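J.: Just dropping this structure here.
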Amino acid sequence: MSGATPLGPGREFDAVRSLLRRWGDRAAGIGDDAALLDVPSGARLVVSTDTSVEGVHFRREWLRPEEIGWRATMAALSDLAAMGARPLGVLAAIAVPPRWRELLDSLGDGVGEAAAAAGAPIVGGDLTGAGELSICVTVLGAAERPLSRRGARPGDAIYVTGRLGGPRAAVTAWQRGETPRADCRERFARPVARIREGVWLAAHGATAAVDVSDGLLADLAHVAAASGAALELDLDALPLLDGIDAAEGARGGEEYELALAAPDDLDTARFSRELGTPIARIGWVRAGAPSVSATLRGVRVAAGGGWDHFS
Ligand SMILES: [Mg+2]
């Protein structure tokens, strides 16, 4: 393997060797005690970690192993996108129960494909036994002008990328014992972190951003709190997959789209032309106590109700 230091004997290392063979050139510098990375001069190092646990974030019967690996990796990369950072590398720590051992290679393929799609080399990881499958993905990135949740200013507009509602609709269908619609299933199983979009937005005046992981309303509540501002949303302007209700689209999590604040002259036409991703203006930042309020067909709707893992 190019760029990898040879590993010693043992079953764990056999499994690691197998993953490394499958990752090929997507893995870099693995085999030493730690990875060495260069951060471009003038950039900040941006780091995040995200864990996906069987039975909490997905069910085995919903997804193929490749999709579980892809999804866990993209969910972590999405936090780099929200910061306007370019990926430098990915580390995957996988806890594998015995019943999952023969699927580990397929799981690893999904991790490798997602990392490659985001332009991130796999620079390290860890394998261990466990009672439940868990994939912890740590992402490293670089940003000259990182976005945070803190910068939204009164007078900014609020935007969201993509079209919402697919992942929640897919999970609802599965929970009812039904087969989800193909486009909704795809949005749940194969999310794409908006990396290029985040970099573009950071370079074109976005003042704050968050990725939609717990639900648009819940995630924007963090922006409101961090920025000390009142956010007013017009849910009639929400971009949705066909047939999705706006109230559902505003609450569904695991979208991995970006919600952001930016001056209202943000060039959305140019954004969509250059990146091929839709973006819609859905509200305004106002002076006031931190809050998120929303109207739908002119009527005020309750803005609470995202996904809370501890509830
Ligand atoms: Mg996030």
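Ligands are numbered from 1 in the order shown, residues from 1 within each chain, and chains are lettered A, B, ... in the order they appear in the structure tokens.
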So which residues are near ligand 1, meaning at most 8 Å away with only C-alpha atoms and all ligand atoms counted, given back as a PDB file with all heavy atoms, in the first residue's frame?

T.:
ATOM      1  N   SER A  78     -20.215  16.816   7.446  1.00  0.00           N
ATOM      2  CA  SER A  78     -21.174  17.907   7.367  1.00  0.00           C
ATOM      3  C   SER A  78     -20.851  19.014   8.374  1.00  0.00           C
ATOM      4  O   SER A  78     -21.123  20.194   8.125  1.00  0.00           O
ATOM      5  CB  SER A  78     -22.584  17.353   7.598  1.00  0.00           C
ATOM      6  OG  SER A  78     -23.545  18.380   7.578  1.00  0.00           O
ATOM      7  N   ASP A  79     -20.257  18.647   9.498  1.00  0.00           N
ATOM      8  CA  ASP A  79     -19.881  19.676  10.481  1.00  0.00           C
ATOM      9  C   ASP A  79     -18.729  20.536   9.965  1.00  0.00           C
ATOM     10  O   ASP A  79     -18.645  21.722  10.305  1.00  0.00           O
ATOM     11  CB  ASP A  79     -19.526  19.032  11.822  1.00  0.00           C
ATOM     12  CG  ASP A  79     -20.768  18.599  12.589  1.00  0.00           C
ATOM     13  OD1 ASP A  79     -21.796  19.307  12.508  1.00  0.00           O
ATOM     14  OD2 ASP A  79     -20.719  17.551  13.252  1.00  0.00           O
ATOM     15  N   ALA A  82     -20.407  23.031   7.670  1.00  0.00           N
ATOM     16  CA  ALA A  82     -21.072  24.119   8.406  1.00  0.00           C
ATOM     17  C   ALA A  82     -20.084  25.178   8.858  1.00  0.00           C
ATOM     18  O   ALA A  82     -20.458  26.330   9.091  1.00  0.00           O
ATOM     19  CB  ALA A  82     -21.812  23.543   9.609  1.00  0.00           C
ATOM     20  N   VAL A 210     -24.974  26.605  10.254  1.00  0.00           N
ATOM     21  CA  VAL A 210     -25.117  25.378  11.037  1.00  0.00           C
ATOM     22  C   VAL A 210     -25.556  24.308  10.047  1.00  0.00           C
ATOM     23  O   VAL A 210     -26.158  24.635   9.024  1.00  0.00           O
ATOM     24  CB  VAL A 210     -26.156  25.594  12.177  1.00  0.00           C
ATOM     25  CG1 VAL A 210     -27.559  25.747  11.613  1.00  0.00           C
ATOM     26  CG2 VAL A 210     -26.114  24.513  13.223  1.00  0.00           C
ATOM     27  N   ASP A 211     -25.204  23.057  10.290  1.00  0.00           N
ATOM     28  CA  ASP A 211     -25.750  22.023   9.405  1.00  0.00           C
ATOM     29  C   ASP A 211     -27.018  21.461  10.045  1.00  0.00           C
ATOM     30  O   ASP A 211     -27.167  21.455  11.269  1.00  0.00           O
ATOM     31  CB  ASP A 211     -24.732  20.925   9.077  1.00  0.00           C
ATOM     32  CG  ASP A 211     -24.355  20.082  10.282  1.00  0.00           C
ATOM     33  OD1 ASP A 211     -24.191  20.652  11.375  1.00  0.00           O
ATOM     34  OD2 ASP A 211     -24.228  18.860  10.128  1.00  0.00           O
ATOM     35  N   VAL A 212     -27.955  21.064   9.206  1.00  0.00           N
ATOM     36  CA  VAL A 212     -29.258  20.618   9.699  1.00  0.00           C
ATOM     37  C   VAL A 212     -29.157  19.137  10.060  1.00  0.00           C
ATOM     38  O   VAL A 212     -29.302  18.264   9.209  1.00  0.00           O
ATOM     39  CB  VAL A 212     -30.368  20.874   8.663  1.00  0.00           C
ATOM     40  CG1 VAL A 212     -31.722  20.419   9.227  1.00  0.00           C
ATOM     41  CG2 VAL A 212     -30.418  22.348   8.286  1.00  0.00           C
ATOM     42  N   SER A 213     -28.850  18.873  11.331  1.00  0.00           N
ATOM     43  CA  SER A 213     -28.731  17.489  11.791  1.00  0.00           C
ATOM     44  C   SER A 213     -29.887  17.110  12.720  1.00  0.00           C
ATOM     45  O   SER A 213     -30.366  15.993  12.688  1.00  0.00           O
ATOM     46  CB  SER A 213     -27.385  17.270  12.492  1.00  0.00           C
ATOM     47  OG  SER A 213     -27.199  18.222  13.519  1.00  0.00           O
TER      48      SER A 213
END

J.: Run DSSP on the backbone and grab whatever in stretch 86-306 of chain A lands in helix (DSSP H, G or I); send it over as a short mmCIF file (atom, residue, chain, number, x, y, z; two decimals) with C-alpha atoms, in the first residue's frame.

T.:
data_model
loop_
_atom_site.label_atom_id
_atom_site.label_comp_id
_atom_site.auth_asym_id
_atom_site.auth_seq_id
_atom_site.Cartn_x
_atom_site.Cartn_y
_atom_site.Cartn_z
CA PRO A 98 -19.34 -10.39 16.33
CA ARG A 99 -22.47 -10.42 14.11
CA TRP A 100 -21.07 -7.49 12.13
CA ARG A 101 -17.53 -8.84 11.57
CA GLU A 102 -18.10 -10.24 8.12
CA LEU A 103 -19.76 -6.97 7.04
CA LEU A 104 -16.86 -4.81 8.22
CA ASP A 105 -15.28 -4.59 4.75
CA SER A 106 -18.58 -3.36 3.24
CA LEU A 107 -18.97 -0.85 6.05
CA GLY A 108 -15.42 0.31 5.37
CA ASP A 109 -16.20 0.68 1.67
CA GLY A 110 -18.91 3.18 2.56
CA VAL A 111 -16.50 5.11 4.78
CA GLY A 112 -13.93 5.14 1.97
CA GLU A 113 -16.40 6.24 -0.71
CA ALA A 114 -17.76 9.09 1.40
CA ALA A 115 -14.27 10.31 2.34
CA ALA A 116 -13.22 10.19 -1.33
CA ALA A 117 -16.37 12.01 -2.43
CA GLY A 166 -36.69 13.29 2.78
CA PRO A 167 -34.92 11.67 5.75
CA ARG A 168 -37.84 12.18 8.15
CA ALA A 169 -40.30 10.80 5.59
CA ALA A 170 -38.10 7.74 5.06
CA VAL A 171 -37.80 7.01 8.79
CA THR A 172 -41.54 7.52 9.30
CA ALA A 173 -42.27 5.02 6.51
CA TRP A 174 -39.89 2.43 7.99
CA GLN A 175 -41.38 2.89 11.45
CA ALA A 182 -36.95 6.11 -3.33
CA ASP A 183 -35.99 9.81 -3.26
CA CYS A 184 -36.64 10.01 0.50
CA ARG A 185 -34.69 6.83 1.18
CA GLU A 186 -31.77 8.16 -0.87
CA ARG A 187 -31.70 11.37 1.16
CA PHE A 188 -31.48 9.31 4.39
CA ALA A 189 -29.07 6.64 3.17
CA ILE A 195 -18.49 20.98 1.71
CA ARG A 196 -18.04 23.08 -1.45
CA GLU A 197 -21.17 25.02 -0.58
CA GLY A 198 -19.84 25.86 2.89
CA VAL A 199 -16.51 27.06 1.50
CA TRP A 200 -18.34 29.18 -1.12
CA LEU A 201 -20.67 30.70 1.46
CA ALA A 202 -17.81 31.52 3.84
CA ALA A 203 -16.05 33.29 0.96
CA LEU A 216 -34.04 23.10 10.85
CA LEU A 217 -35.94 24.78 13.71
CA ALA A 218 -33.86 23.10 16.41
CA ASP A 219 -30.55 23.83 14.67
CA LEU A 220 -31.45 27.46 13.98
CA ALA A 221 -32.32 27.83 17.69
CA HIS A 222 -28.58 27.29 18.32
CA VAL A 223 -27.76 30.09 15.85
CA ALA A 224 -30.29 32.38 17.58
CA ALA A 225 -28.80 31.62 20.99
CA ALA A 226 -25.17 31.93 19.84
CA SER A 227 -25.81 35.14 17.88
CA LEU A 235 -42.14 28.20 6.24
CA ASP A 236 -44.05 28.81 3.00
CA ALA A 237 -40.64 29.57 1.46
CA ALA A 246 -43.57 22.28 5.41
CA ALA A 247 -44.13 21.69 9.13
CA GLU A 248 -42.55 18.24 8.71
CA GLY A 249 -39.69 19.58 6.60
CA ALA A 250 -38.92 22.21 9.24
CA ARG A 251 -38.59 19.57 11.98
CA THR A 268 -28.17 32.80 -4.77
CA ALA A 269 -28.45 32.45 -8.57
CA ARG A 270 -24.66 32.31 -8.87
CA PHE A 271 -24.45 29.88 -5.92
CA SER A 272 -26.85 27.45 -7.60
CA ARG A 273 -25.20 27.87 -11.01
CA GLU A 274 -21.67 27.24 -9.72
CA LEU A 275 -22.47 24.45 -7.26
#

J.: For A:Gly162, work out the shell of residues within 9 Å, counting only C-alpha atoms and skipping chain neighbours fewer than 4 positions away, then give it as a ChimeraX atom specification.

T.: /A:239-240,255,257-258,277-280

J.: In Å, rounded to a single decimal, give me how far atom CA of A:Glu61 is from atom CA of A:Glu254.

T.: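 Distance between the two atoms: 18.1 Å.
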
J.: As an exercise, work out the distance from atom CA of A:Glu12 to atom CA of A:Gly119 in Å and give it to one decimal place.

T.: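 Distance between the two atoms: 27.2 Å.
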
J.: Taking only C-alpha atoms into account, which of A:Trp62, A:Glu67, A:Trp23, A:Ala76 comes nearest A:Thr179?

T.: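 Comparing A:Trp62, A:Glu67, A:Trp23, A:Ala76 against A:Thr179, the winner is A:Trp62.
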
J.: Taking 6 positions as the minimum chain separation for residues in the same chain, which residues sit within 10 Å of A:Val53 when counting only C-alpha atoms? Answer as a list in words.

T.: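 So, after excluding close chain neighbours, the residues are Arg59, Ile68, Ala72, Ala95, Glu132, Leu133, Ser134, Ile135 and Cys136 of chain A.
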
J.: Would you mind listing what lies within 8 Å of A:Asp156 as a list in words, with only C-alpha atoms counted and same-chain residues fewer than 5 positions away left out?

T.: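 Once the nearby chain positions are removed, what remains is Ala261, Ala262, Pro263, Asp264, Trp284, Val285 and Arg286 of chain A.
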
J.: Could you write those residues out with all heavy atoms, as an mmCIF file, in the first residue's frame?

T.:
data_model
loop_
_atom_site.group_PDB
_atom_site.id
_atom_site.type_symbol
_atom_site.label_atom_id
_atom_site.label_comp_id
_atom_site.auth_asym_id
_atom_site.auth_seq_id
_atom_site.Cartn_x
_atom_site.Cartn_y
_atom_site.Cartn_z
ATOM 1 N N ALA A 261 -27.017 32.431 7.895
ATOM 2 C CA ALA A 261 -27.382 33.843 7.812
ATOM 3 C C ALA A 261 -26.378 34.522 6.891
ATOM 4 O O ALA A 261 -25.194 34.170 6.886
ATOM 5 C CB ALA A 261 -27.351 34.481 9.196
ATOM 6 N N ALA A 262 -26.865 35.492 6.112
ATOM 7 C CA ALA A 262 -25.999 36.242 5.191
ATOM 8 C C ALA A 262 -26.748 37.506 4.809
ATOM 9 O O ALA A 262 -27.983 37.562 4.925
ATOM 10 C CB ALA A 262 -25.691 35.423 3.936
ATOM 11 N N PRO A 263 -26.026 38.531 4.352
ATOM 12 C CA PRO A 263 -26.717 39.708 3.850
ATOM 13 C C PRO A 263 -27.718 39.309 2.763
ATOM 14 O O PRO A 263 -27.515 38.307 2.075
ATOM 15 C CB PRO A 263 -25.579 40.559 3.269
ATOM 16 C CG PRO A 263 -24.367 40.134 4.038
ATOM 17 C CD PRO A 263 -24.563 38.671 4.311
ATOM 18 N N ASP A 264 -28.805 40.085 2.626
ATOM 19 C CA ASP A 264 -29.881 39.638 1.724
ATOM 20 C C ASP A 264 -29.532 39.808 0.258
ATOM 21 O O ASP A 264 -30.330 39.430 -0.602
ATOM 22 C CB ASP A 264 -31.207 40.320 2.072
ATOM 23 C CG ASP A 264 -31.240 41.764 1.630
ATOM 24 O OD1 ASP A 264 -30.152 42.367 1.481
ATOM 25 O OD2 ASP A 264 -32.353 42.291 1.448
ATOM 26 N N TRP A 284 -35.558 35.974 8.230
ATOM 27 C CA TRP A 284 -34.786 37.160 8.577
ATOM 28 C C TRP A 284 -34.267 37.081 9.995
ATOM 29 O O TRP A 284 -34.889 36.473 10.863
ATOM 30 C CB TRP A 284 -35.663 38.417 8.448
ATOM 31 C CG TRP A 284 -36.111 38.634 7.034
ATOM 32 C CD1 TRP A 284 -37.303 38.250 6.492
ATOM 33 C CD2 TRP A 284 -35.349 39.233 5.987
ATOM 34 N NE1 TRP A 284 -37.344 38.589 5.156
ATOM 35 C CE2 TRP A 284 -36.158 39.200 4.820
ATOM 36 C CE3 TRP A 284 -34.076 39.803 5.907
ATOM 37 C CZ2 TRP A 284 -35.722 39.709 3.589
ATOM 38 C CZ3 TRP A 284 -33.642 40.320 4.692
ATOM 39 C CH2 TRP A 284 -34.471 40.264 3.551
ATOM 40 N N VAL A 285 -33.142 37.751 10.201
ATOM 41 C CA VAL A 285 -32.588 37.919 11.544
ATOM 42 C C VAL A 285 -33.044 39.286 12.051
ATOM 43 O O VAL A 285 -32.889 40.297 11.359
ATOM 44 C CB VAL A 285 -31.046 37.859 11.516
ATOM 45 C CG1 VAL A 285 -30.485 38.007 12.936
ATOM 46 C CG2 VAL A 285 -30.560 36.564 10.865
ATOM 47 N N ARG A 286 -33.641 39.312 13.243
ATOM 48 C CA ARG A 286 -34.114 40.561 13.842
ATOM 49 C C ARG A 286 -33.396 40.811 15.170
ATOM 50 O O ARG A 286 -32.945 39.861 15.812
ATOM 51 C CB ARG A 286 -35.621 40.499 14.131
ATOM 52 C CG ARG A 286 -36.484 40.103 12.968
ATOM 53 C CD ARG A 286 -36.532 41.189 11.918
ATOM 54 N NE ARG A 286 -37.523 40.865 10.890
ATOM 55 C CZ ARG A 286 -37.505 41.369 9.651
ATOM 56 N NH1 ARG A 286 -36.557 42.224 9.274
ATOM 57 N NH2 ARG A 286 -38.433 41.032 8.783
#

J.: Measuring atom to atom with only C-alpha atoms, identify which of A:Leu233, A:Asp214, A:Tyr159, A:Leu296 is nearest to A:Arg281.

T.: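 Nearest candidate to A:Arg281 out of A:Leu233, A:Asp214, A:Tyr159, A:Leu296: A:Tyr159.
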
J.: Would you list the contacts of A:Gly141 as a list in words, taking every protein, DNA or RNA residue within 7 Å and counting only C-alpha atoms, but skipping same-chain residues closer than 5 positions in sequence?

T.: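 Contacts, in chain order: Leu45, Val46, Val47, Leu80, Ala85, Arg86, Pro87, Leu88 and Gly89 of chain A.
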
J.: In Å, rounded to a single decimal, give me how far atom CA of A:Pro180 is from atom CA of A:Thr295.

T.: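 Computing the Euclidean distance for atom CA of A:Thr295 and atom CA of A:Pro180 yields 28.4 Å.
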
J.: Residues within 8 Å of A:Ala43, please, as a list in words. Count only C-alpha atoms; anything in the same chain fewer than 3 positions from it doesn't count.

T.: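 In the requested form, the answer reads Val39, Pro40, Ala142, Ala143, Glu144 and Arg145 of chain A.
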
J.: Using only C-alpha atoms, which of A:Gly228, A:Gly84, A:Pro191, A:Gly131 sits nearest A:Ala206?

T.: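 Of the candidates, the smallest distance to A:Ala206 is held by A:Gly84.
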
J.: Just asking: which residues within stretch 35-205 of chain A are strand (DSSP E or B) according to DSSP, as an MDAnalysis selection string?

T.: chainID A and resid 44:54 58 86:96 122:129 134:143 157:161 164
